[in-house]
Structure formats: structure tokens, C-alpha cells
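Peer 1: Here you go, this is run03.txt (compact mmCIF, C-alpha atoms and all ligand atoms).
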```
# COMPACT_ATOMS: atom_id res chain seq x y z
CA MET A 1 -15.52 22.65 1.74
CA ASP A 2 -16.25 20.59 4.80
CA GLU A 3 -17.88 17.34 3.66
CA ARG A 4 -19.32 16.89 7.14
CA LEU A 5 -21.70 19.78 6.46
CA ASP A 6 -23.83 17.69 4.12
CA GLY A 7 -24.71 15.44 7.06
CA MET A 8 -24.98 12.36 4.84
CA THR A 9 -23.06 9.14 4.92
CA THR A 10 -21.37 8.74 1.57
CA ASP A 11 -21.04 5.35 -0.08
CA GLU A 12 -17.38 5.04 0.84
CA ALA A 13 -16.07 1.71 2.08
CA VAL A 14 -14.05 3.63 4.66
CA ARG A 15 -14.64 7.16 5.91
CA VAL A 16 -12.42 8.65 8.58
CA ARG A 17 -12.47 12.22 9.92
CA GLY A 18 -10.17 13.69 12.53
CA LEU A 19 -8.92 10.35 13.85
CA VAL A 20 -6.74 10.61 16.96
CA LYS A 21 -5.15 7.75 18.91
CA ARG A 22 -2.89 8.39 21.88
CA TYR A 23 -0.73 5.87 23.67
CA PRO A 24 0.64 6.83 27.09
CA ASP A 25 3.87 8.24 25.68
CA LYS A 26 2.98 8.83 22.04
CA VAL A 27 0.29 10.37 19.84
CA ALA A 28 0.30 7.59 17.23
CA VAL A 29 -2.45 9.04 15.01
CA ASN A 30 -2.96 12.78 15.03
CA GLY A 31 -5.99 13.95 13.07
CA VAL A 32 -6.17 11.63 10.08
CA ASP A 33 -8.86 11.99 7.39
CA LEU A 34 -9.25 9.13 4.94
CA ASP A 35 -11.77 8.04 2.30
CA ILE A 36 -11.54 4.71 0.54
CA HIS A 37 -13.96 4.31 -2.34
CA ARG A 38 -15.75 1.03 -2.88
CA GLY A 39 -13.87 -1.17 -5.31
CA GLU A 40 -10.54 0.61 -5.11
CA VAL A 41 -7.13 -0.55 -3.96
CA PHE A 42 -5.75 2.02 -1.55
CA ALA A 43 -2.14 1.81 -0.35
CA LEU A 44 -1.13 3.42 2.91
CA LEU A 45 2.57 4.30 2.89
CA GLY A 46 4.75 5.69 5.65
CA PRO A 47 7.93 5.09 7.61
CA ASN A 48 8.16 2.75 10.61
CA GLY A 49 6.09 4.09 13.48
CA ALA A 50 4.10 6.53 11.29
CA GLY A 51 0.75 5.23 12.56
CA LYS A 52 -0.34 2.91 9.74
CA THR A 53 -1.01 -0.22 11.79
CA THR A 54 -2.73 1.76 14.53
CA THR A 55 -5.04 3.34 11.95
CA VAL A 56 -5.77 -0.01 10.30
CA GLU A 57 -6.43 -1.70 13.65
CA ILE A 58 -8.96 1.00 14.53
CA LEU A 59 -10.70 0.41 11.19
CA GLU A 60 -10.74 -3.32 11.92
CA GLY A 61 -12.32 -2.72 15.34
CA TYR A 62 -9.30 -4.04 17.28
CA ARG A 63 -8.41 -0.67 18.78
CA ARG A 64 -10.56 2.21 19.96
CA ALA A 65 -10.15 5.74 18.61
CA ASP A 66 -9.72 8.50 21.17
CA LEU A 67 -11.28 11.11 18.89
CA GLY A 68 -12.79 11.31 15.43
CA GLU A 69 -15.42 9.70 13.25
CA VAL A 70 -14.80 6.29 11.71
CA THR A 71 -17.17 4.41 9.41
CA VAL A 72 -16.27 1.08 7.80
CA LEU A 73 -18.85 -0.47 5.46
CA GLY A 74 -21.38 1.89 6.99
CA VAL A 75 -20.65 0.85 10.58
CA ASP A 76 -18.65 2.36 13.45
CA PRO A 77 -16.00 -0.34 14.06
CA ALA A 78 -16.32 0.18 17.83
CA ARG A 79 -19.88 -1.16 17.46
CA GLY A 80 -19.28 -3.75 14.74
CA ASP A 81 -21.01 -7.08 15.34
CA ARG A 82 -20.07 -10.48 13.90
CA HIS A 83 -22.14 -9.90 10.75
CA TRP A 84 -20.12 -6.78 10.06
CA ARG A 85 -16.88 -8.59 10.90
CA ALA A 86 -17.74 -11.40 8.45
CA ARG A 87 -17.71 -8.78 5.65
CA LEU A 88 -14.05 -7.97 6.38
CA GLY A 89 -10.92 -9.88 5.49
CA ILE A 90 -7.85 -9.26 7.60
CA VAL A 91 -4.23 -10.12 6.94
CA SER A 92 -2.32 -8.64 9.86
CA GLN A 93 1.42 -8.56 10.53
CA THR A 94 1.27 -11.42 13.01
CA SER A 95 0.25 -14.88 11.90
CA ARG A 96 -2.21 -17.07 13.69
CA ASP A 97 -0.64 -20.15 15.19
CA GLU A 98 -2.31 -23.44 14.42
CA ALA A 99 0.88 -25.36 13.80
CA GLU A 100 -0.51 -28.89 13.85
CA LEU A 101 -3.16 -28.41 11.16
CA SER A 102 -2.39 -28.85 7.48
CA VAL A 103 -2.87 -26.01 5.00
CA ALA A 104 -6.07 -27.57 3.62
CA GLU A 105 -7.47 -28.31 7.09
CA LEU A 106 -6.85 -24.77 8.28
CA VAL A 107 -8.35 -23.09 5.20
CA ASN A 108 -11.43 -25.36 5.37
CA HIS A 109 -11.74 -24.70 9.08
CA PHE A 110 -11.75 -20.93 8.56
CA ALA A 111 -14.22 -21.23 5.66
CA GLY A 112 -16.66 -22.59 8.25
CA TYR A 113 -16.70 -19.26 10.09
CA TYR A 114 -18.24 -17.36 7.19
CA PRO A 115 -21.75 -17.32 5.72
CA ALA A 116 -20.63 -17.32 2.07
CA PRO A 117 -17.00 -18.46 1.86
CA ARG A 118 -14.94 -18.96 -1.27
CA ASP A 119 -14.06 -22.43 -2.39
CA PRO A 120 -11.10 -23.51 -0.18
CA ASP A 121 -9.38 -25.44 -2.99
CA GLU A 122 -9.57 -22.44 -5.30
CA VAL A 123 -8.17 -20.16 -2.63
CA ILE A 124 -5.30 -22.53 -1.87
CA ALA A 125 -4.47 -22.66 -5.58
CA ALA A 126 -4.76 -18.89 -5.96
CA VAL A 127 -2.12 -18.25 -3.29
CA GLY A 128 0.17 -20.87 -4.84
CA LEU A 129 0.00 -23.44 -2.04
CA ASP A 130 -1.43 -26.36 -4.02
CA GLU A 131 1.67 -28.47 -3.47
CA LYS A 132 1.57 -27.75 0.27
CA ARG A 133 -2.07 -28.69 0.85
CA ARG A 134 -1.17 -31.55 3.19
CA THR A 135 1.79 -29.86 4.85
CA ARG A 136 1.46 -28.94 8.50
CA THR A 137 1.60 -25.17 8.82
CA ARG A 138 4.61 -25.27 11.17
CA LYS A 139 6.64 -26.73 8.31
CA LEU A 140 5.94 -23.86 5.93
CA SER A 141 8.63 -21.33 5.06
CA GLY A 142 8.10 -17.70 6.09
CA GLY A 143 6.87 -16.72 2.63
CA GLN A 144 4.57 -19.75 2.39
CA ARG A 145 3.15 -18.94 5.83
CA ARG A 146 2.42 -15.41 4.60
CA ARG A 147 0.59 -16.83 1.57
CA LEU A 148 -1.48 -18.92 3.95
CA ASP A 149 -2.30 -15.74 5.91
CA VAL A 150 -3.53 -14.20 2.67
CA ALA A 151 -5.63 -17.32 1.96
CA LEU A 152 -7.23 -17.04 5.41
CA GLY A 153 -7.85 -13.33 4.81
CA VAL A 154 -9.79 -13.89 1.59
CA ILE A 155 -11.56 -17.20 2.37
CA GLY A 156 -14.64 -15.39 3.71
CA ASN A 157 -15.12 -13.58 0.39
CA PRO A 158 -14.73 -10.16 2.05
CA GLU A 159 -16.14 -6.90 0.74
CA LEU A 160 -13.20 -5.08 2.29
CA LEU A 161 -9.77 -6.64 2.65
CA PHE A 162 -7.06 -5.27 4.95
CA LEU A 163 -3.54 -6.29 4.04
CA ASP A 164 -0.85 -5.15 6.49
CA GLU A 165 2.53 -5.58 4.78
CA PRO A 166 1.34 -8.71 3.01
CA THR A 167 4.42 -9.50 0.92
CA THR A 168 7.16 -9.11 3.51
CA GLY A 169 9.37 -12.17 3.10
CA PHE A 170 8.09 -13.08 -0.38
CA ASP A 171 10.56 -13.93 -3.12
CA PRO A 172 10.11 -11.95 -6.36
CA GLU A 173 8.09 -14.69 -8.05
CA ALA A 174 5.76 -15.06 -5.07
CA ARG A 175 5.28 -11.29 -5.02
CA ARG A 176 4.26 -11.26 -8.70
CA GLN A 177 1.87 -14.13 -8.04
CA PHE A 178 0.41 -12.26 -5.07
CA TRP A 179 -0.04 -9.13 -7.19
CA ALA A 180 -2.00 -11.16 -9.74
CA LEU A 181 -4.22 -12.46 -6.94
CA ILE A 182 -4.90 -8.92 -5.70
CA GLU A 183 -5.68 -7.77 -9.24
CA ASN A 184 -8.22 -10.60 -9.57
CA LEU A 185 -9.85 -9.66 -6.26
CA ARG A 186 -10.04 -6.07 -7.40
CA THR A 187 -11.63 -7.10 -10.70
CA GLU A 188 -14.24 -8.98 -8.68
CA GLY A 189 -15.01 -5.75 -6.82
CA THR A 190 -13.20 -6.28 -3.50
CA THR A 191 -12.12 -3.05 -1.82
CA ILE A 192 -8.57 -3.34 -0.52
CA LEU A 193 -6.56 -1.35 2.01
CA LEU A 194 -2.91 -2.24 1.77
CA THR A 195 0.01 -1.07 3.87
CA THR A 196 3.41 -1.64 2.37
CA HIS A 197 7.00 -0.49 2.44
CA TYR A 198 7.48 -1.53 -1.18
CA LEU A 199 6.94 1.45 -3.42
CA ASP A 200 6.85 -0.72 -6.54
CA GLU A 201 4.05 -2.73 -4.95
CA ALA A 202 2.02 0.42 -4.26
CA GLU A 203 2.70 1.67 -7.77
CA HIS A 204 1.67 -1.63 -9.33
CA LEU A 205 -1.45 -2.32 -7.28
CA ALA A 206 -2.92 0.89 -5.93
CA ASP A 207 -5.51 3.15 -7.51
CA ARG A 208 -4.58 5.72 -4.88
CA VAL A 209 -1.93 6.02 -2.23
CA GLY A 210 -1.90 7.94 1.04
CA VAL A 211 1.37 8.93 2.69
CA ILE A 212 1.27 9.05 6.48
CA ALA A 213 4.08 10.47 8.61
CA ASP A 214 4.15 11.24 12.34
CA GLY A 215 0.48 10.29 12.64
CA GLN A 216 -0.69 12.69 9.94
CA MET A 217 -1.80 12.16 6.36
CA VAL A 218 0.70 14.14 4.36
CA GLU A 219 -0.83 13.58 0.93
CA VAL A 220 -3.28 11.39 -0.99
CA GLY A 221 -3.18 10.89 -4.74
CA THR A 222 -2.77 8.42 -7.57
CA PRO A 223 0.70 6.86 -7.91
CA GLU A 224 1.14 8.83 -11.14
CA THR A 225 0.26 12.25 -9.74
CA LEU A 226 1.24 12.11 -6.06
CA GLY A 227 3.19 15.21 -5.06
CA GLY A 228 2.68 16.70 -8.53
CA ARG A 229 4.77 13.86 -9.92
CA GLY A 230 3.30 13.93 -13.42
CA ALA A 231 4.06 17.61 -13.84
CA ARG A 232 7.57 17.49 -12.40
CA THR A 233 10.60 18.58 -14.34
CA ALA A 234 12.13 15.76 -16.36
CA ARG A 235 15.80 14.82 -16.33
CA VAL A 236 17.50 14.05 -19.60
CA SER A 237 20.84 12.29 -19.25
CA TRP A 238 23.32 10.93 -21.75
CA LEU A 239 26.97 9.96 -22.14
CA SER A 240 28.99 12.81 -23.57
CA PRO A 241 32.70 12.56 -24.48
CA ASP A 242 33.36 14.20 -21.06
CA GLY A 243 31.26 11.73 -19.08
CA MET A 244 27.61 11.54 -18.03
CA ARG A 245 25.65 14.75 -18.43
CA GLU A 246 22.22 15.64 -17.15
CA VAL A 247 19.79 18.44 -17.95
CA ARG A 248 16.61 19.24 -16.04
CA THR A 249 13.93 20.56 -18.33
CA ASP A 250 10.18 20.99 -18.73
CA GLU A 251 10.59 20.25 -22.45
CA PRO A 252 12.43 16.93 -22.63
CA THR A 253 11.32 16.25 -26.21
CA ALA A 254 12.96 19.47 -27.42
CA GLU A 255 16.10 18.56 -25.47
CA VAL A 256 16.21 15.11 -27.06
CA ALA A 257 15.73 16.66 -30.52
CA ARG A 258 18.58 19.08 -29.82
CA LEU A 259 20.83 16.19 -28.73
CA MET A 260 19.92 14.13 -31.79
CA ALA A 261 20.92 17.02 -34.01
CA GLN A 262 24.14 17.52 -32.05
CA TYR A 263 25.09 13.82 -32.22
CA GLY A 264 23.77 13.31 -35.76
CA GLY A 265 21.48 10.48 -34.68
CA GLU A 266 21.79 8.04 -31.79
CA VAL A 267 22.58 9.70 -28.43
CA PRO A 268 24.75 7.44 -26.23
CA GLU A 269 23.01 6.08 -23.11
CA LEU A 270 20.10 8.50 -23.51
CA GLU A 271 17.60 8.44 -20.65
CA VAL A 272 14.59 10.62 -19.90
CA ARG A 273 13.38 10.33 -16.35
CA ARG A 274 10.74 11.88 -14.10
CA PRO A 275 10.85 11.48 -10.33
CA SER A 276 9.96 7.95 -9.22
CA LEU A 277 7.23 7.29 -6.69
CA GLU A 278 10.05 6.59 -4.26
CA ASP A 279 11.62 10.03 -4.89
CA ILE A 280 8.24 11.69 -4.25
CA TYR A 281 7.56 9.55 -1.19
CA LEU A 282 10.93 10.36 0.41
CA GLU A 283 10.34 14.03 -0.29
CA LEU A 284 6.88 13.92 1.30
CA ILE A 285 8.15 12.30 4.48
CA GLY A 286 10.98 14.83 4.62
CA ARG A 287 13.84 12.58 3.60
CA PRO A 288 15.09 13.55 0.16
CA ALA A 289 16.58 10.62 -1.75
CA VAL A 290 19.64 12.51 -2.93
CA ALA A 291 21.52 15.63 -1.95
CA ALA A 292 20.29 18.80 -3.66
CA GLU A 293 21.44 19.05 -7.24
CA PRO A 294 21.92 22.18 -9.33
CA THR A 295 18.55 23.45 -10.50
CA SER A 296 19.75 25.38 -13.54
CA LEU A 297 18.65 24.18 -16.94
CA THR A 298 22.17 24.07 -18.24
CA ALA A 299 23.89 20.74 -18.49
CA GLY A 300 26.00 19.72 -15.52
CA ALA A 301 28.04 16.61 -14.92
CA VAL A 302 26.54 14.14 -12.50
CA ARG A 303 27.95 11.02 -10.96
N1 LIG B 401 0.30 -0.76 21.95
C1 LIG B 401 1.08 0.31 21.89
N2 LIG B 401 1.44 0.98 23.00
C2 LIG B 401 2.20 2.08 22.96
N3 LIG B 401 2.69 2.62 21.81
C3 LIG B 401 2.38 2.00 20.66
C4 LIG B 401 1.55 0.82 20.64
N4 LIG B 401 1.41 0.43 19.34
C5 LIG B 401 2.10 1.33 18.61
N5 LIG B 401 2.68 2.26 19.38
C6 LIG B 401 3.48 3.41 18.93
O1 LIG B 401 2.68 4.21 18.07
C7 LIG B 401 3.42 4.66 16.94
C8 LIG B 401 2.74 4.18 15.67
O2 LIG B 401 2.88 2.77 15.56
P1 LIG B 401 2.26 1.92 14.35
O3 LIG B 401 2.48 0.49 14.66
O4 LIG B 401 0.87 2.37 14.10
O5 LIG B 401 3.20 2.39 13.13
P2 LIG B 401 3.34 1.80 11.66
O6 LIG B 401 3.23 2.97 10.75
O7 LIG B 401 2.39 0.69 11.45
O8 LIG B 401 4.84 1.26 11.68
P3 LIG B 401 5.54 -0.01 10.91
O9 LIG B 401 5.77 0.43 9.50
O10 LIG B 401 6.82 -0.14 11.67
O11 LIG B 401 4.64 -1.18 11.05
C9 LIG B 401 4.83 4.14 17.13
O12 LIG B 401 5.61 5.15 17.71
C10 LIG B 401 4.67 2.97 18.09
O13 LIG B 401 5.83 2.82 18.87
```
Give the structure from this file in C-alpha cells form.
Peer 2:
Amino acid sequence: MDERLDGMTTDEAVRVRGLVKRYPDKVAVNGVDLDIHRGEVFALLGPNGAGKTTTVEILEGYRRADLGEVTVLGVDPARGDRHWRARLGIVSQTSRDEAELSVAELVNHFAGYYPAPRDPDEVIAAVGLDEKRRTRTRKLSGGQRRRLDVALGVIGNPELLFLDEPTTGFDPEARRQFWALIENLRTEGTTILLTTHYLDEAEHLADRVGVIADGQMVEVGTPETLGGRGARTARVSWLSPDGMREVRTDEPTAEVARLMAQYGGEVPELEVRRPSLEDIYLELIGRPAVAAEPTSLTAGAVR
């Protein structure tokens, strides 16, 4: 059913219908529909050049749509005023350049732009920059600079936070710390739109993910069910005397029971696996992760 028929604005944080954006030699966004519910973390996934940043920049009011309806916090971004803008937090791919200010000076400075900012000291601590408070921003490492970007994105206490590839350049510990920060923001009710190339990040953080390819939304779903993931055939693998074996089956428990009986107990290197989010993602964008494997339910050697 066409939701437009009801003629009402729903209480979505973001509502997009039929979005089109053309550049002179490229249709970057080609009919995208998107709903982001208030309070959810939504991850937009897609290969380089798929149209993610263009879509996000239209939502932020930095680019104009050629066609389609776009509503962000109840407002058309093309008409958003500074009150509307103050309700958004933006962490874009390019950093601002205020090299001579210290971390604390910059965060305090930006807090002054907003009607109800967060406490700058708390924000600096939350992004893990406490020890760099007095450091000039030009002396920060790439990952520290990115944390500062995140601090500047959340200092205004936004209702809706845009994060465009926020953890690029983070070491694993910094990424975990960032994830905890996002989880806290979500608990506080912040709506978050995240673009990322890290499937584990989307899986960890997102309530729902949307996969965009060639300017079109290929699928939207939860990380657990995207592309029918939850219902997909399982793979049971183990080490037999002849090498690794694998069986694809809809009844992995029965297969494991059969193997236990066969081996009289412990089955060497037993593993039961369903497709990962990455497998599903690669399939959706038309790039299967591995060459086609035999689909029969009989055991076959794999390497
Ligand atoms: N200002 C521009 N002028 C012309 N073409 C552009 C412009 N910005 C983006 N494009 C093109 O539009 C397409 C979509 O780009 P976009 O930046 O939205 O992709 P993306 O999904 O964010 O990619 P990435 O993952 O690499 O950031 C690409 O083919 C890109 O080359």
C-alpha cells in the first residue's frame, strides 16, 4: 500500500520518498525511499559511490534533491532554518580545520552555538580525549581527530545525529569505546543515521540497516533478518579423517546429533554457521563472497 495515500506526516525522524539526485554525468540517487524511526540507530550500507553521502547530505540540507519528498524532524531540509539545524548533529567525512585551538577550546566554542548544549567536559571524556584537552587539534592523530569530530557532532545535544563513516581510522579499542558512546546516546533517545563500511559495526550498533547500491535502496531490515538471513540454510562443518567436511541443512541440530552418534561423542572442530551479515550484504550488492558451492545436502569436502 502506498503510505502517501494517507496524506499524513508520520512521526518518523526521517521520511524520504522517491529521492532523485543527478550530477551532470551521474544519477547518484535514483528513487530512494527511507524511513528512520525516532530513537533508532539506522545504518546505511553500500559500496563506494553507491549514493550514501549524497543522500545524507540532502537530509542535512547541504544538497538539494532534484525530485522526491524529504522530511527531517518534520521539516523539508531545503527550508530548514537555524532552529531546525540546531536539532541536528553532523559528523561528516571531512573534518573542520581549526588547527590552533585546543580540544577543550574548540568543544567549548561549538557548545556556544547551541541553545541547550551538553557539558563540554563530559563530552570530551565520553569520546576518550580527556588527556588531550589542552592539545592543539593539529597535533592530534587521525583517530583522535575523528573522536573530536564526534564530540563536535554531539555537543549540541542533537535529536538526530548523522555519522558518515565515523570510525574510519580508529584502532580497535577506540572503535569499542565509540560504540559504547553511541549506545549511550541511543539509550538517551537520540536518533542516529550511520554510514559505515564496517559490517561488524552495523551489526553491533544498528536496529535496522539499509543497503544502497547504484543509487537505489536494495533492501532494509534488521541485521539479523536482512536478506532472509535468519531463515537461511545453516552450514555444519567438522574435521573428518578425510579432511574438513561441510553439510548445508535446514536442520542443523539433527545433523549435529547424527554426527555425535557417528563419532561417539565430541565431533572434531564442529562448527554450525549461518550466513554472516557480510555474506548477505555482498549478495545484495551483487558480489557474492565466495564462488558457488554445491547445494546438495550431502557432505562435500571444502577447503
Ligand atoms: N559533487 C559531485 N559532482 C559530481 N558527481 C558526484 C558529486 N558527489 C558525488 N558524485 C558521484 O555520485 C555518486 C555517489 O557518490 P556518494 O559520495 O554519494 O557515494 P557514497 O555511497 O557516499 O560513496 P563512499 O562510500 O565512497 O563514500 C558517485 O558516483 C560520485 O562519483
Peer 1: Show me which residues are within 7 Å of ligand LIG 401 (chain B) counting all atoms listed in the file, and format the list as JSON, numbers by chain.
Peer 2: {"A": [23, 24, 25, 26, 27, 28, 46, 47, 48, 49, 50, 51, 52, 53, 54, 55]}
Peer 1: Determine, using all atoms listed in the file, which residues of segment 17-43 of chain A have any atom at most 6 Å from an atom of segment 58-72 of chain A, and tabulate each with its shortest atom pair and distance in Å to one decimal place, rows ordered by chain and then rising number, as a Markdown table.
Peer 2:
```
| residue | atom | partner | partner_atom | distance |
| --- | --- | --- | --- | --- |
| A:Arg17 | CA | A:Glu69 | CA | 5.1 |
| A:Gly18 | CA | A:Gly68 | CA | 4.6 |
| A:Leu19 | CA | A:Gly68 | CA | 4.3 |
| A:Val20 | CA | A:Leu67 | CA | 5.0 |
| A:Lys21 | CA | A:Asp66 | CA | 5.2 |
```
Peer 1: Could you tell me which of A:His109, A:Lys139, A:Arg79, A:Arg145 comes closest to Thr168 of chain A if we count all atoms listed in the file?
Peer 2: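 For Thr168 of chain A, the nearest of the given residues is A:Arg145.
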Peer 1: From the options A:His204, A:Arg133, A:Arg85, A:Arg22, which residue's atoms come nearest to Arg176 of chain A, counting all atoms listed in the file?
Peer 2: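 Selected residue with least distance to Arg176 of chain A: A:His204.
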Peer 1: Can you tell me how far atom CA of Ala174 of chain A sits from atom CA of Thr137 of chain A, in Å to one decimal?
Peer 2: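 For atom CA of Ala174 of chain A relative to atom CA of Thr137 of chain A, the distance reads 17.7 Å.
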Peer 1: Identify, on the basis of all atoms listed in the file, every residue whose closest approach to Ser102 of chain A does not exceed 6 Å; exclude the query and any residue fewer than 5 positions from it along the same chain; express the result as an NGL selection string.
Peer 2: :A and (134-137)
Peer 1: In Å, how far is it from atom CA of Asp33 of chain A to atom CA of Val16 of chain A?
Peer 2: 5.0 Å
Peer 1: Using atom CA of Gly243 of chain A and atom CA of Ala257 of chain A as the two end points, give the distance in Å to one decimal.
Peer 2: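 Spanning atom CA of Gly243 of chain A to atom CA of Ala257 of chain A is a straight-line distance of 19.9 Å.
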Peer 1: Please provide as number ranges by chain all residues within 8 Å of Arg274 of chain A, with the sequence filter that same-chain residues fewer than 4 positions apart are discarded (counting all atoms listed in the file).
Peer 2: A: 229-230, 232-235
Peer 1: Give one line per residue of segment 69-155 of chain A that approaches segment 162-167 of chain A to at most 12 Å, naming the two atoms of the closest pair and their distance in Å to one decimal, counting only C-alpha atoms; sort by chain then ascending residue number and deliver it as a Markdown table.
Peer 2:
```
| residue | atom | partner | partner_atom | distance |
| --- | --- | --- | --- | --- |
| A:Val72 | CA | A:Phe162 | CA | 11.5 |
| A:Arg85 | CA | A:Phe162 | CA | 12.0 |
| A:Arg87 | CA | A:Phe162 | CA | 11.2 |
| A:Leu88 | CA | A:Phe162 | CA | 7.6 |
| A:Gly89 | CA | A:Phe162 | CA | 6.0 |
| A:Ile90 | CA | A:Phe162 | CA | 4.9 |
| A:Val91 | CA | A:Leu163 | CA | 4.9 |
| A:Ser92 | CA | A:Asp164 | CA | 5.1 |
| A:Gln93 | CA | A:Asp164 | CA | 5.8 |
| A:Thr94 | CA | A:Asp164 | CA | 9.3 |
| A:Ser95 | CA | A:Pro166 | CA | 10.9 |
| A:Val127 | CA | A:Thr167 | CA | 11.7 |
| A:Gly142 | CA | A:Thr167 | CA | 10.4 |
| A:Gly143 | CA | A:Thr167 | CA | 7.8 |
| A:Gln144 | CA | A:Thr167 | CA | 10.4 |
| A:Arg145 | CA | A:Thr167 | CA | 10.7 |
| A:Arg146 | CA | A:Pro166 | CA | 7.0 |
| A:Arg147 | CA | A:Pro166 | CA | 8.3 |
| A:Leu148 | CA | A:Pro166 | CA | 10.6 |
| A:Asp149 | CA | A:Pro166 | CA | 8.4 |
| A:Val150 | CA | A:Pro166 | CA | 7.3 |
| A:Ala151 | CA | A:Pro166 | CA | 11.1 |
| A:Leu152 | CA | A:Leu163 | CA | 11.4 |
| A:Gly153 | CA | A:Phe162 | CA | 8.1 |
| A:Val154 | CA | A:Phe162 | CA | 9.6 |
```
Peer 1: Identify which of the residues A:Thr249, A:Ser237, A:Ser276, A:Thr196 lies closest to Thr225 of chain A, counting all atoms listed in the file when measuring atom-to-atom distances.
Peer 2: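 Of the candidates, the smallest distance to Thr225 of chain A is held by A:Ser276.
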Peer 1: If we count only C-alpha atoms, what is near Gly210 of chain A at a cut-off of 6 Å, once residues fewer than 6 positions away on the same chain are taken out, given as number ranges by chain?
Peer 2: A: 44, 219-220
Peer 1: Restricting it to C-alpha atoms, dump the selection as a CSV table (one decimal), in the coordinates of the input.
Peer 2:
```csv
chain,number,residue,atom,x,y,z
A,44,LEU,CA,-1.1,3.4,2.9
A,219,GLU,CA,-0.8,13.6,0.9
A,220,VAL,CA,-3.3,11.4,-1.0
```
Peer 1: With all atoms listed in the file as the basis for distance, which of A:Ile212, A:Leu185, A:Ile36, A:Val103 is at the shortest distance from Leu129 of chain A?
Peer 2: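 Once distances to Leu129 of chain A are computed over all atoms listed in the file, the minimum belongs to A:Val103.
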Peer 1: Of the candidates A:Met217, A:Tyr113, A:Val41, A:Leu101, which one gets nearest to Ala202 of chain A if we count only C-alpha atoms?
Peer 2: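 Of A:Met217, A:Tyr113, A:Val41, A:Leu101, the one nearest Ala202 of chain A, counting only C-alpha atoms, is A:Val41.
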Peer 1: Considering all atoms listed in the file, can you say which of A:Ile124, A:Leu194, A:Ala13, A:Leu73 comes closest to His37 of chain A?
Peer 2: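 Among the listed residues, the smallest separation from His37 of chain A belongs to A:Ala13.
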Peer 1: Which residues are close to Pro115 of chain A, i.e. within 8 Å by only C-alpha atoms, leaving aside same-chain residues fewer than 2 positions away? Reply as a PyMOL selection string.
Peer 2: chain A and resi 86+112-113+117+156
Peer 1: Quick one: everything within 12 Å of Asp200 of chain A, counting all atoms listed in the file, minus sequence neighbours fewer than 5 positions away in the same chain. Send it as a list in words.
Peer 2: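 The residues satisfying every condition are Ala43, Leu45, Thr167, Pro172, Arg175, Arg176, Trp179, Leu205, Ala206, Val209, Pro223, Ser276, Leu277, Glu278, Asp279 and Tyr281 of chain A.
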Peer 1: Should you be able to, write segment 102-157 of chain A of this structure into a file that contains C-alpha atoms, as a CSV table (one decimal), in the first residue's frame.
Peer 2:
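Written file, part-v8.csv:
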```
chain,number,residue,atom,x,y,z
A,102,SER,CA,43.0,23.2,21.8
A,103,VAL,CA,40.5,20.3,22.1
A,104,ALA,CA,38.8,21.9,25.1
A,105,GLU,CA,38.7,25.4,23.5
A,106,LEU,CA,37.1,24.0,20.3
A,107,VAL,CA,34.5,21.9,22.1
A,108,ASN,CA,33.5,24.9,24.3
A,109,HIS,CA,33.4,27.2,21.3
A,110,PHE,CA,31.0,24.9,19.5
A,111,ALA,CA,28.9,24.5,22.6
A,112,GLY,CA,28.2,28.2,22.3
A,113,TYR,CA,26.4,27.7,19.0
A,114,TYR,CA,23.6,25.7,20.5
A,115,PRO,CA,20.6,26.6,22.8
A,116,ALA,CA,21.0,23.6,25.1
A,117,PRO,CA,24.4,22.0,24.7
A,118,ARG,CA,25.9,19.1,26.6
A,119,ASP,CA,28.5,19.7,29.2
A,120,PRO,CA,31.8,20.1,27.2
A,121,ASP,CA,33.9,18.3,29.8
A,122,GLU,CA,31.6,15.3,29.8
A,123,VAL,CA,31.6,15.1,26.0
A,124,ILE,CA,35.4,15.3,25.9
A,125,ALA,CA,35.6,12.5,28.4
A,126,ALA,CA,33.0,10.4,26.6
A,127,VAL,CA,35.0,10.4,23.3
A,128,GLY,CA,38.2,9.5,25.2
A,129,LEU,CA,40.0,12.8,24.8
A,130,ASP,CA,40.5,13.7,28.4
A,131,GLU,CA,44.2,13.5,28.2
A,132,LYS,CA,44.3,15.7,25.1
A,133,ARG,CA,42.1,18.5,26.4
A,134,ARG,CA,44.9,21.1,26.1
A,135,THR,CA,46.4,19.7,22.9
A,136,ARG,CA,46.1,21.8,19.8
A,137,THR,CA,43.9,20.0,17.3
A,138,ARG,CA,46.7,20.0,14.6
A,139,LYS,CA,48.7,17.7,16.9
A,140,LEU,CA,46.0,15.1,17.2
A,141,SER,CA,46.4,11.7,15.4
A,142,GLY,CA,43.9,10.8,12.7
A,143,GLY,CA,41.8,8.7,15.1
A,144,GLN,CA,41.9,11.3,17.8
A,145,ARG,CA,40.8,14.0,15.3
A,146,ARG,CA,37.9,11.7,14.3
A,147,ARG,CA,36.9,11.5,18.0
A,148,LEU,CA,37.0,15.2,18.2
A,149,ASP,CA,34.7,15.3,15.2
A,150,VAL,CA,32.3,13.1,17.0
A,151,ALA,CA,32.5,15.3,20.1
A,152,LEU,CA,31.6,18.3,18.0
A,153,GLY,CA,28.7,16.4,16.4
A,154,VAL,CA,27.1,15.6,19.8
A,155,ILE,CA,27.9,18.8,21.7
A,156,GLY,CA,24.6,20.4,20.7
A,157,ASN,CA,22.6,17.5,22.2
```
